[in-house]
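Structure data follow from upload33.cif (mmCIF, C-alpha atoms and all ligand atoms):
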```cif
data_upload
#
loop_
_atom_site.label_atom_id
_atom_site.label_comp_id
_atom_site.auth_asym_id
_atom_site.auth_seq_id
_atom_site.Cartn_x
_atom_site.Cartn_y
_atom_site.Cartn_z
CA MET P 175 -16.42 -2.81 4.44
CA VAL P 176 -14.04 -1.91 1.61
CA LEU P 177 -11.65 -4.78 2.25
CA GLU P 178 -12.28 -8.02 4.14
CA VAL P 179 -9.42 -10.50 4.33
CA ASN P 180 -10.43 -13.72 5.98
CA ASP P 181 -7.96 -16.42 7.00
CA ILE P 182 -5.71 -16.33 3.93
CA VAL P 183 -2.88 -18.81 3.58
CA THR P 184 -0.17 -17.89 1.08
CA PHE P 185 2.96 -19.73 -0.06
CA TYR P 186 6.02 -18.87 -2.11
CA GLY P 187 6.59 -22.22 -3.77
CA GLN P 188 6.84 -24.69 -0.89
CA SER P 189 7.32 -22.16 1.87
CA LEU P 190 4.37 -21.05 3.94
CA VAL P 191 4.45 -17.27 4.35
CA LEU P 192 0.96 -16.20 5.46
CA ASP P 193 -0.56 -18.57 7.96
CA GLY P 194 -4.15 -17.41 8.26
CA VAL P 195 -4.20 -13.61 7.96
CA SER P 196 -7.51 -11.83 8.67
CA LEU P 197 -8.15 -8.09 8.67
CA GLU P 198 -10.68 -5.48 7.65
CA VAL P 199 -10.54 -1.98 6.27
CA ASP P 200 -13.65 0.17 6.49
CA LYS P 201 -14.61 2.93 4.08
CA GLY P 202 -12.72 6.15 4.74
CA GLU P 203 -10.09 4.61 6.99
CA VAL P 204 -6.33 4.67 6.74
CA VAL P 205 -5.17 1.33 8.10
CA ALA P 206 -1.53 0.36 8.60
CA LEU P 207 0.01 -3.08 8.52
CA LEU P 208 3.09 -3.01 10.76
CA GLY P 209 5.78 -5.55 11.39
CA ARG P 210 9.46 -6.30 11.11
CA ASN P 211 11.46 -7.37 8.05
CA GLY P 212 10.09 -10.55 6.58
CA ALA P 213 6.93 -10.53 8.72
CA GLY P 214 4.66 -10.89 5.68
CA LYS P 215 3.54 -7.31 4.93
CA THR P 216 4.38 -7.27 1.23
CA THR P 217 3.02 -10.78 0.79
CA THR P 218 -0.30 -9.66 2.30
CA LEU P 219 -0.57 -6.81 -0.20
CA ARG P 220 0.50 -9.07 -3.07
CA SER P 221 -2.14 -11.61 -2.01
CA VAL P 222 -4.85 -8.94 -2.11
CA MET P 223 -3.69 -7.76 -5.52
CA GLY P 224 -3.68 -11.29 -6.95
CA LEU P 225 0.08 -11.20 -7.61
CA THR P 226 0.74 -14.02 -5.14
CA PRO P 227 -2.69 -15.59 -4.81
CA PRO P 228 -3.57 -17.26 -1.52
CA ARG P 229 -4.11 -21.02 -1.50
CA SER P 230 -7.09 -20.70 0.78
CA GLY P 231 -9.16 -18.07 2.50
CA SER P 232 -11.26 -15.23 1.21
CA ILE P 233 -10.61 -11.63 0.17
CA LYS P 234 -13.55 -9.36 -0.53
CA LEU P 235 -13.42 -5.93 -2.09
CA LEU P 236 -16.67 -4.01 -1.53
CA GLY P 237 -18.34 -7.35 -0.89
CA ILE P 238 -17.04 -9.04 -4.05
CA GLU P 239 -14.79 -12.09 -3.74
CA ILE P 240 -11.49 -11.38 -5.49
CA VAL P 241 -9.48 -14.51 -4.73
CA GLY P 242 -8.92 -16.16 -8.10
CA LYS P 243 -8.90 -12.89 -10.02
CA VAL P 244 -5.75 -11.77 -11.80
CA PRO P 245 -4.13 -8.41 -10.97
CA PHE P 246 -5.64 -6.42 -13.83
CA GLN P 247 -9.11 -7.61 -12.84
CA VAL P 248 -8.47 -6.63 -9.22
CA ALA P 249 -7.29 -3.21 -10.42
CA ALA P 250 -10.41 -2.83 -12.59
CA LEU P 251 -12.58 -3.56 -9.55
CA GLY P 252 -10.99 -0.66 -7.70
CA ILE P 253 -7.64 -1.34 -6.09
CA GLY P 254 -4.71 0.93 -6.90
CA TYR P 255 -1.37 -0.60 -5.94
CA ALA P 256 1.85 1.29 -5.25
CA PRO P 257 4.48 -1.47 -4.88
CA ASP P 258 7.58 -1.08 -2.74
CA ASP P 259 9.84 -1.37 -5.79
CA ARG P 260 7.79 1.41 -7.45
CA ARG P 261 7.63 -0.14 -10.97
CA ILE P 262 7.73 3.16 -12.76
CA PHE P 263 8.94 3.38 -16.36
CA PRO P 264 12.48 4.76 -16.24
CA ASP P 265 12.46 6.03 -19.83
CA LEU P 266 9.14 7.83 -19.59
CA THR P 267 8.83 11.24 -17.97
CA THR P 268 6.98 11.78 -14.71
CA GLU P 269 3.99 13.08 -16.62
CA GLU P 270 4.04 10.24 -19.15
CA ASN P 271 4.15 7.74 -16.29
CA LEU P 272 1.02 9.32 -14.79
CA LEU P 273 -0.83 9.61 -18.10
CA LEU P 274 -0.06 6.03 -19.02
CA ALA P 275 -1.41 4.73 -15.70
CA GLY P 276 -4.65 6.61 -16.31
CA HIS P 277 -4.80 5.50 -19.93
CA LEU P 278 -4.30 1.81 -19.13
CA SER P 279 -6.87 1.85 -16.35
CA LYS P 280 -10.36 0.50 -16.93
CA ARG P 281 -11.67 3.02 -14.41
CA LYS P 282 -11.95 6.20 -16.46
CA ASN P 283 -14.82 7.71 -14.52
CA GLY P 284 -13.24 9.41 -11.58
CA ASP P 285 -11.84 12.66 -10.37
CA TRP P 286 -8.15 11.93 -10.52
CA SER P 287 -6.07 13.76 -13.10
CA VAL P 288 -2.44 14.69 -13.60
CA GLU P 289 -3.25 18.17 -12.29
CA ARG P 290 -4.74 16.75 -9.12
CA VAL P 291 -1.74 14.52 -8.50
CA TYR P 292 0.51 17.58 -8.92
CA ASN P 293 -1.59 19.51 -6.42
CA LEU P 294 -1.11 16.66 -3.96
CA PHE P 295 2.63 16.33 -4.68
CA PRO P 296 3.90 19.72 -5.93
CA VAL P 297 7.39 18.19 -6.17
CA LEU P 298 6.16 16.07 -9.07
CA ARG P 299 5.06 19.15 -11.02
CA ASP P 300 8.63 20.44 -10.77
CA VAL P 301 9.99 17.24 -12.32
CA ARG P 302 7.17 16.63 -14.79
CA THR P 303 9.51 16.45 -17.80
CA ARG P 304 12.22 14.42 -16.05
CA LYS P 305 12.53 10.75 -16.87
CA GLY P 306 11.43 8.32 -14.18
CA GLY P 307 14.88 6.78 -13.93
CA PHE P 308 16.34 10.14 -12.94
CA LEU P 309 13.97 10.87 -10.08
CA SER P 310 15.07 10.64 -6.45
CA GLY P 311 13.81 7.77 -4.31
CA GLY P 312 11.25 10.03 -2.66
CA GLU P 313 10.01 11.38 -5.98
CA GLN P 314 9.65 7.83 -7.28
CA LYS P 315 7.59 6.89 -4.20
CA MET P 316 5.27 9.80 -4.85
CA LEU P 317 5.06 8.96 -8.54
CA ALA P 318 4.16 5.34 -7.75
CA LEU P 319 1.37 6.59 -5.49
CA GLY P 320 0.29 9.10 -8.13
CA ARG P 321 0.09 6.30 -10.69
CA ALA P 322 -2.10 4.26 -8.35
CA LEU P 323 -4.41 7.26 -7.87
CA MET P 324 -4.70 7.81 -11.63
CA THR P 325 -6.68 4.54 -11.73
CA ASN P 326 -9.43 6.15 -9.58
CA PRO P 327 -9.26 3.46 -6.92
CA ALA P 328 -11.73 2.81 -4.12
CA LEU P 329 -8.80 1.41 -2.14
CA ALA P 330 -5.13 2.38 -2.38
CA LEU P 331 -2.63 -0.30 -1.32
CA ILE P 332 0.72 1.29 -0.55
CA ASP P 333 3.82 -0.73 0.27
CA GLU P 334 6.54 0.92 2.43
CA PRO P 335 5.68 4.53 1.55
CA SER P 336 8.15 6.00 4.07
CA GLU P 337 11.10 3.70 3.35
CA GLY P 338 14.30 5.58 2.59
CA LEU P 339 12.71 9.03 2.72
CA ALA P 340 14.26 12.05 4.42
CA PRO P 341 12.29 13.16 7.53
CA LEU P 342 10.84 16.20 5.77
CA MET P 343 9.60 14.01 2.92
CA VAL P 344 8.09 11.54 5.39
CA ALA P 345 6.05 14.33 6.97
CA ALA P 346 4.89 15.57 3.56
CA LEU P 347 3.89 12.06 2.54
CA ALA P 348 1.94 11.48 5.76
CA LYS P 349 0.03 14.70 5.08
CA ALA P 350 -0.63 13.70 1.47
CA ILE P 351 -2.01 10.32 2.52
CA ARG P 352 -4.41 12.01 4.92
CA GLU P 353 -5.49 14.27 2.05
CA ILE P 354 -6.04 11.26 -0.18
CA ARG P 355 -8.21 9.75 2.53
CA ASP P 356 -10.19 12.98 2.79
CA THR P 357 -11.05 12.78 -0.91
CA GLY P 358 -12.78 9.46 -0.29
CA VAL P 359 -10.07 6.94 -1.15
CA THR P 360 -9.66 4.29 1.53
CA VAL P 361 -6.01 3.48 2.28
CA PHE P 362 -4.28 0.29 3.39
CA LEU P 363 -0.52 0.66 3.77
CA ALA P 364 2.34 -1.50 4.95
CA ASP P 365 5.22 0.22 6.71
CA GLN P 366 7.84 -0.52 9.34
CA ASN P 367 8.04 3.06 10.54
CA VAL P 368 5.81 3.29 13.62
CA ARG P 369 6.06 7.05 13.85
CA PHE P 370 5.02 7.48 10.24
CA CYS P 371 2.09 5.12 10.79
CA ARG P 372 1.10 7.07 13.89
CA LYS P 373 0.95 10.27 11.82
CA THR P 374 -0.89 8.62 8.98
CA ALA P 375 -3.13 5.76 10.05
CA ASP P 376 -6.30 5.51 12.11
CA ARG P 377 -5.85 1.86 13.00
CA GLY P 378 -3.05 -0.64 12.79
CA TYR P 379 -2.54 -4.38 12.53
CA ILE P 380 0.70 -5.99 13.61
CA ILE P 381 1.91 -8.98 11.64
CA GLU P 382 4.65 -11.38 12.71
CA LYS P 383 5.51 -14.78 11.25
CA GLY P 384 2.64 -14.54 8.80
CA THR P 385 -0.08 -14.05 11.41
CA ILE P 386 -1.83 -10.98 12.77
CA GLN P 387 -0.73 -10.68 16.40
CA TYR P 388 -2.45 -7.52 17.50
CA GLN P 389 -4.72 -4.74 16.33
CA ASP P 390 -5.77 -1.43 17.82
CA ALA P 391 -6.19 2.27 17.19
CA MET P 392 -2.77 3.58 16.07
CA LYS P 393 -2.42 5.87 19.09
CA ASN P 394 -2.93 2.93 21.45
CA ILE P 395 -0.35 0.84 19.62
CA LEU P 396 2.37 3.42 20.05
CA GLU P 397 1.54 3.83 23.73
CA ASN P 398 1.73 0.09 24.34
CA GLU P 399 5.42 -0.38 25.21
CA GLU P 400 5.17 -4.13 25.50
CA ILE P 401 3.72 -4.53 22.02
CA VAL P 402 6.13 -2.05 20.46
CA LYS P 403 9.12 -3.81 22.03
CA LYS P 404 7.91 -7.24 21.07
CA TYR P 405 6.92 -6.68 17.45
CA LEU P 406 8.15 -3.35 16.13
CA VAL P 407 11.17 -1.24 15.46
CA VAL P 408 11.04 2.35 16.56
N1 LIG A 501 9.68 -14.23 -3.90
C1 LIG A 501 9.85 -14.90 -2.75
N2 LIG A 501 10.19 -16.20 -2.75
C2 LIG A 501 10.34 -16.88 -1.59
N3 LIG A 501 10.21 -16.33 -0.37
C3 LIG A 501 9.88 -15.04 -0.30
C4 LIG A 501 9.68 -14.25 -1.48
N4 LIG A 501 9.37 -12.99 -1.11
C5 LIG A 501 9.37 -13.00 0.24
N5 LIG A 501 9.65 -14.23 0.73
C6 LIG A 501 9.70 -14.61 2.15
O1 LIG A 501 8.42 -14.44 2.70
C7 LIG A 501 8.50 -13.89 4.02
C8 LIG A 501 7.66 -12.63 4.09
O2 LIG A 501 8.22 -11.66 3.21
P1 LIG A 501 7.54 -10.25 2.94
O3 LIG A 501 8.26 -9.65 1.80
O4 LIG A 501 6.07 -10.40 2.84
O5 LIG A 501 7.88 -9.49 4.29
P2 LIG A 501 7.74 -7.94 4.65
O6 LIG A 501 7.02 -7.89 5.94
O7 LIG A 501 7.19 -7.18 3.52
O8 LIG A 501 9.24 -7.53 4.92
P3 LIG A 501 10.03 -6.15 4.58
O9 LIG A 501 9.81 -5.28 5.77
O10 LIG A 501 11.44 -6.57 4.47
O11 LIG A 501 9.47 -5.57 3.32
C9 LIG A 501 9.98 -13.69 4.30
O12 LIG A 501 10.43 -14.78 5.05
C10 LIG A 501 10.62 -13.69 2.94
O13 LIG A 501 11.91 -14.20 3.01
MG MG A 502 7.83 -5.66 2.35
#
```
Using structure tokens, write down the structure that the file contains.
Amino acid sequence: MVLEVNDIVTFYGQSLVLDGVSLEVDKGEVVALLGRNGAGKTTTLRSVMGLTPPRSGSIKLLGIEIVGKVPFQVAALGIGYAPDDRRIFPDLTTEENLLLAGHLSKRKNGDWSVERVYNLFPVLRDVRTRKGGFLSGGEQKMLALGRALMTNPALALIDEPSEGLAPLMVAALAKAIREIRDTGVTVFLADQNVRFCRKTADRGYIIEKGTIQYQDAMKNILENEEIVKKYLVV
């Protein structure tokens, strides 16, 4: 197993947000975490990354317990995180953003390079000298994912990759995520867009009110009208 989350309970201050979340991601899978606004998707990813540490429960990366580790330690152990707010440097160019992510990473031994990120997202090559702050929303999403890949992760955590993207961009991103998977990077993503998840993910978990309500192969989830109606937005 690449990622094993077992019964995590996470708070923001006094408010309980994750009430016992458990899930698993196996090597070579793309797994989606689906659910409506405020269901707890981002908080789950932040818990894994150590940004909002759980109060109880266990999270294992490749068999190693990571609860209690700070984000840079989690990154060094092999998780690349593309947050929903992108966190790219607005005054650095696309290329500088990518190079810096690689430079700051403790994981130098890997195949990812600026050239490889450009091959995955040709759009980024076209804007390589443009400052991050002047990229479109879609370009910023791709850059955030490119930055995560520059750390040579075993597992990529991607928050809302399809949010705000034009349909053509969504299709390109789904294809790119499959390609990332084919290079050996396991992917765990959170997204509200069921159709995007169907194109991208092998399996899905549905979260609602901070608890996993359902899990299945992605194709079964989309075919299950009752589940879709109850928990998702199409
Ligand atoms: N920084 C915070 N402080 C307090 N409460 C928060 C904070 N961030 C999120 N929450 C609350 O935690 C719950 C889960 O939020 P979370 O961001 O994990 O949901 P989400 O599934 O990612 O939603 P979205 O689809 O809108 O991104 C929500 O009720 C939200 O209001
Ligand atoms: Mg979110």
Item to complete: Please measure the separation of CA of Leu236 in chain P and CA of Met223 in chain P, giving the value in Å to one decimal.
Response: 14.1 Å
Test item: residues no farther than 12 Å from ligand MG 502 (chain A), counting all atoms listed in the file, as a PDB file with C-alpha atoms, in the coordinates of the input:
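Below you can see part_30.pdb, which holds the result:
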```pdb
ATOM      1  CA  LEU P 207       0.010  -3.080   8.520  1.00  0.00           C
ATOM      2  CA  LEU P 208       3.090  -3.010  10.760  1.00  0.00           C
ATOM      3  CA  GLY P 209       5.780  -5.550  11.390  1.00  0.00           C
ATOM      4  CA  ARG P 210       9.460  -6.300  11.110  1.00  0.00           C
ATOM      5  CA  ASN P 211      11.460  -7.370   8.050  1.00  0.00           C
ATOM      6  CA  GLY P 212      10.090 -10.550   6.580  1.00  0.00           C
ATOM      7  CA  ALA P 213       6.930 -10.530   8.720  1.00  0.00           C
ATOM      8  CA  GLY P 214       4.660 -10.890   5.680  1.00  0.00           C
ATOM      9  CA  LYS P 215       3.540  -7.310   4.930  1.00  0.00           C
ATOM     10  CA  THR P 216       4.380  -7.270   1.230  1.00  0.00           C
ATOM     11  CA  THR P 217       3.020 -10.780   0.790  1.00  0.00           C
ATOM     12  CA  THR P 218      -0.300  -9.660   2.300  1.00  0.00           C
ATOM     13  CA  LEU P 219      -0.570  -6.810  -0.200  1.00  0.00           C
ATOM     14  CA  ARG P 220       0.500  -9.070  -3.070  1.00  0.00           C
ATOM     15  CA  ALA P 256       1.850   1.290  -5.250  1.00  0.00           C
ATOM     16  CA  PRO P 257       4.480  -1.470  -4.880  1.00  0.00           C
ATOM     17  CA  ASP P 258       7.580  -1.080  -2.740  1.00  0.00           C
ATOM     18  CA  ASP P 259       9.840  -1.370  -5.790  1.00  0.00           C
ATOM     19  CA  ILE P 332       0.720   1.290  -0.550  1.00  0.00           C
ATOM     20  CA  ASP P 333       3.820  -0.730   0.270  1.00  0.00           C
ATOM     21  CA  GLU P 334       6.540   0.920   2.430  1.00  0.00           C
ATOM     22  CA  PRO P 335       5.680   4.530   1.550  1.00  0.00           C
ATOM     23  CA  SER P 336       8.150   6.000   4.070  1.00  0.00           C
ATOM     24  CA  GLU P 337      11.100   3.700   3.350  1.00  0.00           C
ATOM     25  CA  LEU P 363      -0.520   0.660   3.770  1.00  0.00           C
ATOM     26  CA  ALA P 364       2.340  -1.500   4.950  1.00  0.00           C
ATOM     27  CA  ASP P 365       5.220   0.220   6.710  1.00  0.00           C
ATOM     28  CA  GLN P 366       7.840  -0.520   9.340  1.00  0.00           C
ATOM     29  CA  ASN P 367       8.040   3.060  10.540  1.00  0.00           C
ATOM     30  CA  ILE P 381       1.910  -8.980  11.640  1.00  0.00           C
TER      31      ILE P 381
END
```
Practice prompt. With a distance cut-off of 9 Å and all atoms listed in the file, select the neighbouring residues of Ala328 in chain P, excluding the residue or stretch itself and same-chain residues fewer than 4 positions from it, and output the selection as a list of chain:residue names.
Written response: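 Listed by chain and then number, they are P:Val176, P:Lys201, P:Leu236, P:Leu251, P:Gly252, P:Ile253, P:Gly254, P:Gly358, P:Val359, P:Thr360, P:Val361.
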Axis-aligned box over every listed atom of ligand LIG 501 (chain A), padded by 5 Å per side: centre and edges in Å to one decimal, as JSON?
```
{"center_x": 9.0, "center_y": -11.1, "center_z": 1.0, "size_x": 15.8, "size_y": 21.6, "size_z": 19.8}
```
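Between CA of Tyr405 in chain P and CA of Asp181 in chain P the interatomic distance comes to 20.6 Å.
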Worksheet entry | Residue nearest ligand LIG 501 (chain A) - candidates P:Leu192, P:Ile182, P:Val244, P:Ala346, atoms counted: all atoms listed in the file |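 Nearest to ligand LIG 501 (chain A): P:Leu192.
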Worksheet entry | Shell around Val297 in chain P at 10 Å using only C-alpha atoms, local window under 2 positions removed, as a ChimeraX atom specification | /P:292-295,299-302,312-313,316-317
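Shortest separation to Val183 in chain P among P:Leu329, P:Ala206, P:Ala250, P:Val241 occurs at residue P:Val241, atoms counted being only C-alpha atoms.
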Practice prompt. For Thr184 in chain P, please output as a list in words all residues within 7 Å (counting only C-alpha atoms; exclusion window: fewer than 6 positions along the same chain).
Written response: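 In the requested form, the answer reads Leu190, Val191, Leu192, Asp193, Pro227, Pro228 and Arg229 of chain P.
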The selected residues should be written to file as an mmCIF file, in the frame of the given file (atoms: C-alpha atoms).
```
data_model
loop_
_atom_site.group_PDB
_atom_site.id
_atom_site.type_symbol
_atom_site.label_atom_id
_atom_site.label_comp_id
_atom_site.auth_asym_id
_atom_site.auth_seq_id
_atom_site.Cartn_x
_atom_site.Cartn_y
_atom_site.Cartn_z
ATOM 1 C CA LEU P 190 4.370 -21.050 3.940
ATOM 2 C CA VAL P 191 4.450 -17.270 4.350
ATOM 3 C CA LEU P 192 0.960 -16.200 5.460
ATOM 4 C CA ASP P 193 -0.560 -18.570 7.960
ATOM 5 C CA PRO P 227 -2.690 -15.590 -4.810
ATOM 6 C CA PRO P 228 -3.570 -17.260 -1.520
ATOM 7 C CA ARG P 229 -4.110 -21.020 -1.500
#
```
Worksheet item: When distances are computed from all atoms listed in the file, which of P:Thr268, P:Asn326, P:Ser279, P:Ser221 shows the smallest separation from Phe246 in chain P?
Response: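 Nearest to Phe246 in chain P: P:Ser279.
CA of Ser196 in chain P is positioned 13.6 Å from CA of Leu235 in chain P.
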Discussion item. Here is a test: counting all atoms listed in the file, which residue of P:Val368, P:Leu319, P:Phe185, P:Asn180 is nearest to ligand LIG 501 (chain A)?
Written reply: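 Closest to ligand LIG 501 (chain A), using all atoms listed in the file: P:Phe185.
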Practice prompt. Quick one: everything within 8 Å of Thr374 in chain P, counting all atoms listed in the file, minus sequence neighbours fewer than 6 positions away in the same chain. Send it as a PyMOL selection string.
Written response: chain P and resi 204+348-349+351-352
Residues of the last selection are to be written out with C-alpha atoms, as a compact mmCIF listing (two decimals), keeping the file's coordinate frame.
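Here's the written file out12.txt:
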```txt
# COMPACT_ATOMS: atom_id res chain seq x y z
CA VAL P 204 -6.33 4.67 6.74
CA ALA P 348 1.94 11.48 5.76
CA LYS P 349 0.03 14.70 5.08
CA ILE P 351 -2.01 10.32 2.52
CA ARG P 352 -4.41 12.01 4.92
```
Worksheet item: Which polymer residues, protein or nucleic acid, are no farther than 12 Å from (-2.4, -10.4, 17.0), counting only C-alpha atoms, as a list in words?
Response: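 The answer, in the requested form, is Gly194, Val195, Ser196, Leu197, Leu207, Leu208, Gly209, Gly378, Tyr379, Ile380, Ile381, Glu382, Lys383, Gly384, Thr385, Ile386, Gln387, Tyr388, Gln389, Asp390, Ile395, Ile401, Lys404 and Tyr405 of chain P.
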Worksheet item: Between P:Arg261, P:Pro296, P:Ala330, P:Ser189, which is the closest to Leu177 in chain P once you count all atoms listed in the file?
Response: P:Ala330
Hey, could you patch up range 193-220 of chain P with N, CA and C atoms and hand it over as a PDB file, keeping the file's coordinate frame?
```
ATOM      1  N   ASP P 193       0.037 -17.408   7.315  1.00  0.00           N
ATOM      2  CA  ASP P 193      -0.560 -18.570   7.960  1.00  0.00           C
ATOM      3  C   ASP P 193      -1.899 -18.186   8.599  1.00  0.00           C
ATOM      4  N   GLY P 194      -2.828 -17.761   7.739  1.00  0.00           N
ATOM      5  CA  GLY P 194      -4.150 -17.410   8.260  1.00  0.00           C
ATOM      6  C   GLY P 194      -4.242 -15.946   8.660  1.00  0.00           C
ATOM      7  N   VAL P 195      -4.103 -15.050   7.679  1.00  0.00           N
ATOM      8  CA  VAL P 195      -4.200 -13.610   7.960  1.00  0.00           C
ATOM      9  C   VAL P 195      -5.651 -13.138   7.762  1.00  0.00           C
ATOM     10  N   SER P 196      -6.171 -12.427   8.761  1.00  0.00           N
ATOM     11  CA  SER P 196      -7.510 -11.830   8.670  1.00  0.00           C
ATOM     12  C   SER P 196      -7.428 -10.372   9.073  1.00  0.00           C
ATOM     13  N   LEU P 197      -8.079  -9.513   8.308  1.00  0.00           N
ATOM     14  CA  LEU P 197      -8.150  -8.090   8.670  1.00  0.00           C
ATOM     15  C   LEU P 197      -9.250  -7.419   7.872  1.00  0.00           C
ATOM     16  N   GLU P 198      -9.612  -6.230   8.319  1.00  0.00           N
ATOM     17  CA  GLU P 198     -10.680  -5.480   7.650  1.00  0.00           C
ATOM     18  C   GLU P 198     -10.301  -4.014   7.543  1.00  0.00           C
ATOM     19  N   VAL P 199     -10.725  -3.411   6.447  1.00  0.00           N
ATOM     20  CA  VAL P 199     -10.540  -1.980   6.270  1.00  0.00           C
ATOM     21  C   VAL P 199     -11.891  -1.373   5.900  1.00  0.00           C
ATOM     22  N   ASP P 200     -12.342  -0.435   6.703  1.00  0.00           N
ATOM     23  CA  ASP P 200     -13.650   0.170   6.490  1.00  0.00           C
ATOM     24  C   ASP P 200     -13.508   1.391   5.588  1.00  0.00           C
ATOM     25  N   LYS P 201     -14.621   1.782   4.995  1.00  0.00           N
ATOM     26  CA  LYS P 201     -14.610   2.930   4.080  1.00  0.00           C
ATOM     27  C   LYS P 201     -14.136   4.190   4.800  1.00  0.00           C
ATOM     28  N   GLY P 202     -13.198   4.893   4.182  1.00  0.00           N
ATOM     29  CA  GLY P 202     -12.720   6.150   4.740  1.00  0.00           C
ATOM     30  C   GLY P 202     -11.625   6.022   5.775  1.00  0.00           C
ATOM     31  N   GLU P 203     -11.172   4.801   6.016  1.00  0.00           N
ATOM     32  CA  GLU P 203     -10.090   4.610   6.990  1.00  0.00           C
ATOM     33  C   GLU P 203      -8.724   4.639   6.312  1.00  0.00           C
ATOM     34  N   VAL P 204      -7.713   4.995   7.107  1.00  0.00           N
ATOM     35  CA  VAL P 204      -6.330   4.670   6.740  1.00  0.00           C
ATOM     36  C   VAL P 204      -5.889   3.607   7.736  1.00  0.00           C
ATOM     37  N   VAL P 205      -5.577   2.427   7.233  1.00  0.00           N
ATOM     38  CA  VAL P 205      -5.170   1.330   8.100  1.00  0.00           C
ATOM     39  C   VAL P 205      -3.743   0.925   7.754  1.00  0.00           C
ATOM     40  N   ALA P 206      -2.932   0.729   8.789  1.00  0.00           N
ATOM     41  CA  ALA P 206      -1.530   0.360   8.600  1.00  0.00           C
ATOM     42  C   ALA P 206      -1.306  -1.102   8.967  1.00  0.00           C
ATOM     43  N   LEU P 207      -0.456  -1.748   8.193  1.00  0.00           N
ATOM     44  CA  LEU P 207       0.010  -3.080   8.520  1.00  0.00           C
ATOM     45  C   LEU P 207       1.469  -2.932   8.936  1.00  0.00           C
ATOM     46  N   LEU P 208       1.735  -3.223  10.218  1.00  0.00           N
ATOM     47  CA  LEU P 208       3.090  -3.010  10.760  1.00  0.00           C
ATOM     48  C   LEU P 208       3.745  -4.342  11.053  1.00  0.00           C
ATOM     49  N   GLY P 209       5.058  -4.340  11.043  1.00  0.00           N
ATOM     50  CA  GLY P 209       5.780  -5.550  11.390  1.00  0.00           C
ATOM     51  C   GLY P 209       7.204  -5.486  10.880  1.00  0.00           C
ATOM     52  N   ARG P 210       8.041  -6.328  11.447  1.00  0.00           N
ATOM     53  CA  ARG P 210       9.460  -6.300  11.110  1.00  0.00           C
ATOM     54  C   ARG P 210       9.728  -6.854   9.704  1.00  0.00           C
ATOM     55  N   ASN P 211      10.994  -6.755   9.307  1.00  0.00           N
ATOM     56  CA  ASN P 211      11.460  -7.370   8.050  1.00  0.00           C
ATOM     57  C   ASN P 211      11.003  -8.814   7.957  1.00  0.00           C
ATOM     58  N   GLY P 212      10.421  -9.156   6.816  1.00  0.00           N
ATOM     59  CA  GLY P 212      10.090 -10.550   6.580  1.00  0.00           C
ATOM     60  C   GLY P 212       8.862 -11.051   7.315  1.00  0.00           C
ATOM     61  N   ALA P 213       8.110 -10.135   7.928  1.00  0.00           N
ATOM     62  CA  ALA P 213       6.930 -10.530   8.720  1.00  0.00           C
ATOM     63  C   ALA P 213       5.770 -11.000   7.840  1.00  0.00           C
ATOM     64  N   GLY P 214       5.738 -10.500   6.594  1.00  0.00           N
ATOM     65  CA  GLY P 214       4.660 -10.890   5.680  1.00  0.00           C
ATOM     66  C   GLY P 214       3.817  -9.730   5.174  1.00  0.00           C
ATOM     67  N   LYS P 215       4.312  -8.491   5.338  1.00  0.00           N
ATOM     68  CA  LYS P 215       3.540  -7.310   4.930  1.00  0.00           C
ATOM     69  C   LYS P 215       3.345  -7.269   3.409  1.00  0.00           C
ATOM     70  N   THR P 216       4.459  -7.330   2.690  1.00  0.00           N
ATOM     71  CA  THR P 216       4.380  -7.270   1.230  1.00  0.00           C
ATOM     72  C   THR P 216       3.570  -8.435   0.680  1.00  0.00           C
ATOM     73  N   THR P 217       3.755  -9.597   1.267  1.00  0.00           N
ATOM     74  CA  THR P 217       3.020 -10.780   0.790  1.00  0.00           C
ATOM     75  C   THR P 217       1.511 -10.607   0.992  1.00  0.00           C
ATOM     76  N   THR P 218       1.129  -9.936   2.079  1.00  0.00           N
ATOM     77  CA  THR P 218      -0.300  -9.660   2.300  1.00  0.00           C
ATOM     78  C   THR P 218      -0.841  -8.771   1.182  1.00  0.00           C
ATOM     79  N   LEU P 219      -0.104  -7.701   0.866  1.00  0.00           N
ATOM     80  CA  LEU P 219      -0.570  -6.810  -0.200  1.00  0.00           C
ATOM     81  C   LEU P 219      -0.587  -7.532  -1.548  1.00  0.00           C
ATOM     82  N   ARG P 220       0.443  -8.322  -1.804  1.00  0.00           N
ATOM     83  CA  ARG P 220       0.500  -9.070  -3.070  1.00  0.00           C
ATOM     84  C   ARG P 220      -0.637 -10.099  -3.154  1.00  0.00           C
TER      85      ARG P 220
END
```
